[in-house]
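Engineer: Provided herewith is a single structure, encoded as structure tokens, for subsequent inquiry.
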Amino acid sequence: MRASLRRLAVPLVASLALVVPGSAAALRTPSAEAEVPSVAAGSVPTPEQYFGFEMGAEGELARYPDMLKYFQLMSRRTNRVTYEKLGETTMHNDYSLLTISSPRNLQRIDRLVEINRRLANPRGLSNAEAKKLAEEGRPFYLLFASIHSTEVGTGQAVPNIVHRLATENSADVKEILDKAVVLVVPSQNPDGQELVVNHWYDTKGTPYNRSYPDLYHKYIGHDDNRDWFMFTQKETQLAVALQNKYKPVITHDMHQMGSSGARMFVPPYLDPFDPNIHPLLVQATNTVGNEMAHALAAEGKEGVVWNDVYDYWTPARMYMVYHGQPRILTEIASVNLADTYVNPRGPDVPIGPQQPTVNFPAPYSKGTWTLKQIVDYGDTAAFAGMKYVARFHSEWLYNFYQVQRDWVNRDKGPYAFVIPADQRDPYATYELLKILQTAEVEIHQATAPFSSNGKEYPAGSWVVKLAQPFGSFAKTMLEKQVYPDMREYEGGPPMPPYDIAGHTLPMLMGVSVDTAQAEFGATLTQVEKVAPGKVELPPTPQGAYLVGPESYGAFRLVAELQKAGVPTVRAAEEFEAAGRTFAPGTFVLPPSAQTRGVLAKVTKETGIPVYGVDTAPAVDGFQLKGGTRVGLHRGANNIPGGWMMWLFEQYGINHSVMSAQDFEGDLNDRYDVIVLPPGMTKNRIVNGLDPTKNPPEFAWAYGVGEEGWRKLQDFVEDGGTLLSLGSSVAGTTELLDLPIEPVLPDDEKEFYSPGSLLNQEFDTTNPVAWGMTEEWPVFFESDQAYRLKPGAESSVVSRYPGSDVLASGWLLGEDYIKGQANVISHQVGDGYVVTYGSQVDFRTWTRGTFKLIFNAMYQGPSTPVSAQQLGQRLGG
Ligand SMILES: [Zn+2]
């Protein structure tokens, strides 16, 4: 941790139809003068009465299913709350939404939503008309709790907040209900809340750790708030659908941070902010944050800091800012899950920094910190935010309109992004368009050829204009990021971005996209719903079906072929057939009815083209091993391993998650391929979870010991394939004595590249890089580059270019990395090893480079076949 006076907070890292309540309303006669009728005292039990303890009671945590029952009770007993199940989560818990407002607003909710939608897409609306709508409408305040499940206090705060809104008759609450609509997602990750809270109770009175030791989202753990542009997970999809439906003017995202620094962070954020965020939203963020800090100060709640640690850069963490809203991140210091945190320096020594500064005027004066305080700080901040939005309700709606109006009327360059129809990966193109459309970006398609900036585009090319309601999302996702060179002090170390620096979607996915600065003429129609390209299978051929290696969708095909037991050969060299050139790695498939069935299914999902030839190509190749068995050694609470598990499941890869018990036997009996994702260091594999601290259900993630570790070496030497990525490469290199050495200095003043896209040159004749273009960026997240030791016989699959290494994001010290190797393949004994210095799998965003993993996975266990044998193999 770098020392800096400015860093006072401590982040926690790695570490539909609405039911209008009728029954209750009918029992009461709203008083003529009061907009918000009072609720009779005692009509709803308090959280303490309902759960048997007060929210934040030492060591106690309300369970999610009980909270839902409590919220449903409130929706029945009062006329201020409606409860709605929006869908199911990954592990089949209910994903729910509460809509809280005055009975009058709830009765006209459809009209209020209609106003929001009109203001969100204000084409043809005058300022005067918008003002009228802003006065008629009500701003929606979205409160979003418990996305990070170990940050338990934010979830425990929700019953209190909802109970106050549902029953309190104070002027403040009545104003909130009358002038605003509050949407509450009580948990953005109910699965994790269940896992963490159940583990907490199950381990009570045992020698086991009380904290849940694995990913608290089945696949992506703490990265569940890094999914806001790829939309991979069900919970993200549900949240985005509700954002799109209701169009809130603000999202308040409740989190917790580390225990030892400031007590709470509220905005303003640190620089930089993504310049695609409208300045009005940046100011709104600053103002709401300061309202919260002000309210906390007024209640004597000490230790609040702003302008610290958290920045406003990556869309992975904030869908809402590209949809007209400020994202208000609040972070409250954590306790020991539900137990009081005591200053390790003594219970009377105040926790955290003690030097008052303008962004931290009241240092915290106590030596202890409780769950109850988290609940109370959260309550104060939420009410300050809601009150502020309610008080200036028509301004909020009008400002929401102004942000949207400015995007719709945008008159500066670039004019549009053009996505040429003739892409080498039609599946990637479809997935990219789908992402844009999920975010409500309007996409047009040309019905005739056109030209822009001197380049000809075929009919069918897509055009994404930036003058549109959610143009900011399109722009940030499709453009190259230029991250500012920010230092702790002049000439000092870099100030790290809170998350990553570069996220250019076309580069991540392998899609060619052009920027059109100036307006151009083209005949366009708007695309209603993007779909994979239509593929006509060729007439049944005599010789073989051919599928090129360019699309990552081809690996959906391979997985299906493996399942169906269809013999699959890959051409080792380029060849000519059917009047065109096929690249090395082309899939050569038997012309059977079974193959045709698989092709029909996969091409429908992916749009990848299929060719037929009446004579099998005369080319040497490799036959893939039928039913290739993949072991994913993902590791407990190792986020890259979780992401990879998700992707393998999506692609139908024949894999299983490895357990420590696998290492007791012969690994070659179980697996053809073992994958070590980033994070699987030697230490994690050897030591794993401590059996004395973690119950037997986590035995799969116990350490394998030095003996197990050496079995990985036996596995490779006896013919196994080992793929080692990112931070796992160091251990693999040591174990197998690989002839490579790292080249990048540790000193961040010398070399630094946090989550950026770096250019790369590929040897496309190497099987690992089959289907890649000769140059394409890879993701680099504070990773390593390598050089071969003298005399090494390993093959460099890809390396950084000799100049212009940075493609998008931030890079310091290019001289250290230029020309150095990244992906390297090795022959070790009878086995095959591929090391990936950079995270070419990062969060599965990097679909364009996942081919490097899939290729190697199937190549290792494959068998060479000669041109003569090839025809026979296709016969089955
Ligand atoms: Zn968090």
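Each chain of the structure tokens is named A, B, ... in the order shown, its residues numbered from 1; ligands are numbered from 1 in display order.
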Could you list, as a ChimeraX atom specification, every residue within 12 Å of Val349 in chain A, counting only C-alpha atoms and ignoring same-chain residues fewer than 3 positions away?
Structural biologist: /A:260,342-346,352-354,364-369
Engineer: Could the residues in this selection be written to a file with N, CA and C atoms, as a short mmCIF file (atom, residue, chain, number, x, y, z; two decimals), in the first residue's frame?
Structural biologist:
```
data_model
loop_
_atom_site.label_atom_id
_atom_site.label_comp_id
_atom_site.auth_asym_id
_atom_site.auth_seq_id
_atom_site.Cartn_x
_atom_site.Cartn_y
_atom_site.Cartn_z
N SER A 260 -9.72 -0.10 8.75
CA SER A 260 -8.75 0.67 9.52
C SER A 260 -8.63 2.15 9.13
N VAL A 342 -12.28 -3.78 16.82
CA VAL A 342 -11.57 -3.06 17.88
C VAL A 342 -10.20 -2.70 17.33
N ASN A 343 -9.80 -1.46 17.52
CA ASN A 343 -8.50 -1.02 17.05
C ASN A 343 -7.41 -1.96 17.58
N PRO A 344 -6.62 -2.57 16.69
CA PRO A 344 -5.58 -3.49 17.16
C PRO A 344 -4.58 -2.79 18.09
N ARG A 345 -4.55 -1.45 18.01
CA ARG A 345 -3.62 -0.72 18.89
C ARG A 345 -4.25 -0.42 20.25
N GLY A 346 -5.44 -0.92 20.47
CA GLY A 346 -6.10 -0.73 21.76
C GLY A 346 -7.48 -0.15 21.60
N GLY A 352 -8.18 5.03 12.62
CA GLY A 352 -8.03 5.79 11.37
C GLY A 352 -7.22 7.04 11.54
N PRO A 353 -7.04 7.76 10.42
CA PRO A 353 -6.23 8.99 10.44
C PRO A 353 -6.83 10.02 11.39
N GLN A 354 -5.97 10.79 12.00
CA GLN A 354 -6.45 11.75 13.00
C GLN A 354 -6.17 13.20 12.59
N TYR A 364 -12.42 10.23 13.29
CA TYR A 364 -13.20 9.36 14.18
C TYR A 364 -12.51 9.28 15.53
N SER A 365 -13.26 9.43 16.59
CA SER A 365 -12.62 9.58 17.90
C SER A 365 -12.67 8.33 18.78
N LYS A 366 -13.28 7.23 18.29
CA LYS A 366 -13.37 6.04 19.15
C LYS A 366 -12.45 4.92 18.65
N GLY A 367 -12.23 3.95 19.54
CA GLY A 367 -11.36 2.82 19.21
C GLY A 367 -12.13 1.57 18.80
N THR A 368 -13.46 1.68 18.76
CA THR A 368 -14.28 0.53 18.35
C THR A 368 -15.25 0.97 17.25
N TRP A 369 -15.75 -0.01 16.53
CA TRP A 369 -16.67 0.26 15.41
C TRP A 369 -17.61 -0.93 15.29
#
```
Engineer: Using only C-alpha atoms and all ligand atoms, what are the residues with an atom within 6 Å of ligand 1, set out as a PyMOL selection string?
Structural biologist: chain A and resi 148+255-256
Engineer: For the residues in that selection, give me C-alpha atoms as a CSV table (one decimal), in the first residue's frame.
Structural biologist:
```csv
chain,number,residue,atom,x,y,z
A,148,HIS,CA,-20.8,-7.4,-2.3
A,255,HIS,CA,-20.8,-0.7,-0.1
A,256,GLN,CA,-18.3,-1.3,2.7
```
Engineer: Just the strand (DSSP E or B) stuff from range 7-149 of chain A, please, per backbone DSSP, written as a JSON list (two decimals) with N, CA, C and O atoms, in the first residue's frame.
Structural biologist:
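Wrote it out as out_36.json, contents follow:
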```json
[["chain", "number", "residue", "atom", "x", "y", "z"],
["A", 81, "VAL", "N", -45.84, 0.78, -0.16],
["A", 81, "VAL", "CA", -44.80, -0.14, -0.64],
["A", 81, "VAL", "C", -45.42, -1.16, -1.60],
["A", 81, "VAL", "O", -46.44, -1.76, -1.27],
["A", 82, "THR", "N", -44.81, -1.34, -2.75],
["A", 82, "THR", "CA", -45.19, -2.49, -3.57],
["A", 82, "THR", "C", -43.96, -3.40, -3.70],
["A", 82, "THR", "O", -42.82, -2.93, -3.71],
["A", 83, "TYR", "N", -44.24, -4.68, -3.76],
["A", 83, "TYR", "CA", -43.20, -5.69, -3.79],
["A", 83, "TYR", "C", -43.33, -6.46, -5.09],
["A", 83, "TYR", "O", -44.42, -6.84, -5.49],
["A", 84, "GLU", "N", -42.19, -6.70, -5.72],
["A", 84, "GLU", "CA", -42.22, -7.35, -7.02],
["A", 84, "GLU", "C", -41.02, -8.29, -7.13],
["A", 84, "GLU", "O", -39.90, -7.88, -6.84],
["A", 85, "LYS", "N", -41.27, -9.52, -7.55],
["A", 85, "LYS", "CA", -40.15, -10.41, -7.87],
["A", 85, "LYS", "C", -39.84, -10.22, -9.34],
["A", 85, "LYS", "O", -40.69, -10.45, -10.20],
["A", 86, "LEU", "N", -38.62, -9.80, -9.61],
["A", 86, "LEU", "CA", -38.27, -9.52, -11.01],
["A", 86, "LEU", "C", -37.74, -10.74, -11.74],
["A", 86, "LEU", "O", -37.74, -10.78, -12.96],
["A", 87, "GLY", "N", -37.27, -11.71, -10.97],
["A", 87, "GLY", "CA", -36.72, -12.89, -11.64],
["A", 87, "GLY", "C", -35.95, -13.73, -10.66],
["A", 87, "GLY", "O", -36.04, -13.53, -9.44],
["A", 88, "GLU", "N", -35.20, -14.67, -11.20],
["A", 88, "GLU", "CA", -34.40, -15.56, -10.35],
["A", 88, "GLU", "C", -32.92, -15.35, -10.59],
["A", 88, "GLU", "O", -32.48, -15.05, -11.69],
["A", 94, "ASP", "N", -34.89, -15.47, -5.20],
["A", 94, "ASP", "CA", -35.72, -14.40, -5.78],
["A", 94, "ASP", "C", -34.92, -13.11, -5.87],
["A", 94, "ASP", "O", -34.26, -12.71, -4.91],
["A", 95, "TYR", "N", -35.01, -12.47, -7.02],
["A", 95, "TYR", "CA", -34.43, -11.13, -7.19],
["A", 95, "TYR", "C", -35.60, -10.18, -7.15],
["A", 95, "TYR", "O", -36.50, -10.24, -7.99],
["A", 96, "SER", "N", -35.61, -9.29, -6.15],
["A", 96, "SER", "CA", -36.83, -8.52, -5.89],
["A", 96, "SER", "C", -36.59, -7.02, -5.90],
["A", 96, "SER", "O", -35.47, -6.55, -5.72],
["A", 97, "LEU", "N", -37.68, -6.33, -6.11],
["A", 97, "LEU", "CA", -37.67, -4.86, -6.14],
["A", 97, "LEU", "C", -38.82, -4.33, -5.30],
["A", 97, "LEU", "O", -39.93, -4.83, -5.38],
["A", 98, "LEU", "N", -38.51, -3.30, -4.50],
["A", 98, "LEU", "CA", -39.57, -2.60, -3.78],
["A", 98, "LEU", "C", -39.74, -1.23, -4.42],
["A", 98, "LEU", "O", -38.75, -0.56, -4.73],
["A", 99, "THR", "N", -40.98, -0.84, -4.61],
["A", 99, "THR", "CA", -41.26, 0.51, -5.09],
["A", 99, "THR", "C", -42.00, 1.21, -3.97],
["A", 99, "THR", "O", -43.03, 0.74, -3.50],
["A", 100, "ILE", "N", -41.40, 2.33, -3.53],
["A", 100, "ILE", "CA", -41.93, 2.99, -2.34],
["A", 100, "ILE", "C", -42.22, 4.45, -2.67],
["A", 100, "ILE", "O", -41.34, 5.19, -3.15],
["A", 140, "PHE", "N", -37.07, 9.17, -9.70],
["A", 140, "PHE", "CA", -36.92, 7.84, -9.09],
["A", 140, "PHE", "C", -35.51, 7.72, -8.53],
["A", 140, "PHE", "O", -34.52, 7.94, -9.24],
["A", 141, "TYR", "N", -35.43, 7.38, -7.26],
["A", 141, "TYR", "CA", -34.15, 7.20, -6.55],
["A", 141, "TYR", "C", -33.94, 5.71, -6.37],
["A", 141, "TYR", "O", -34.72, 5.04, -5.69],
["A", 142, "LEU", "N", -32.94, 5.17, -7.03],
["A", 142, "LEU", "CA", -32.69, 3.72, -6.94],
["A", 142, "LEU", "C", -31.64, 3.44, -5.87],
["A", 142, "LEU", "O", -30.51, 3.92, -5.96],
["A", 143, "LEU", "N", -32.04, 2.69, -4.87],
["A", 143, "LEU", "CA", -31.13, 2.30, -3.79],
["A", 143, "LEU", "C", -30.78, 0.84, -3.98],
["A", 143, "LEU", "O", -31.66, -0.02, -4.04],
["A", 144, "PHE", "N", -29.49, 0.62, -4.03],
["A", 144, "PHE", "CA", -28.97, -0.65, -4.49],
["A", 144, "PHE", "C", -28.08, -1.18, -3.37],
["A", 144, "PHE", "O", -27.06, -0.58, -3.08]]
```
Engineer: Out of range 370-608 of chain A, which residues get alpha helix (DSSP H) from DSSP, as a ChimeraX atom specification?
Structural biologist: /A:371-391,393-408,426-438,471-478,505-509,554-564,593-606
Engineer: If we count only C-alpha atoms, what is near range 327-335 of chain A at a cut-off of 6 Å, once residues fewer than 4 positions away on the same chain are taken out, given as a list in words?
Structural biologist: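 Answer for this query is Thr251, His252, Asp253, Met254, His255, Gln256, Met257, Gly258, Ser259, Arg263, Met264, Phe265, Val266, Thr340 and Tyr341 of chain A.
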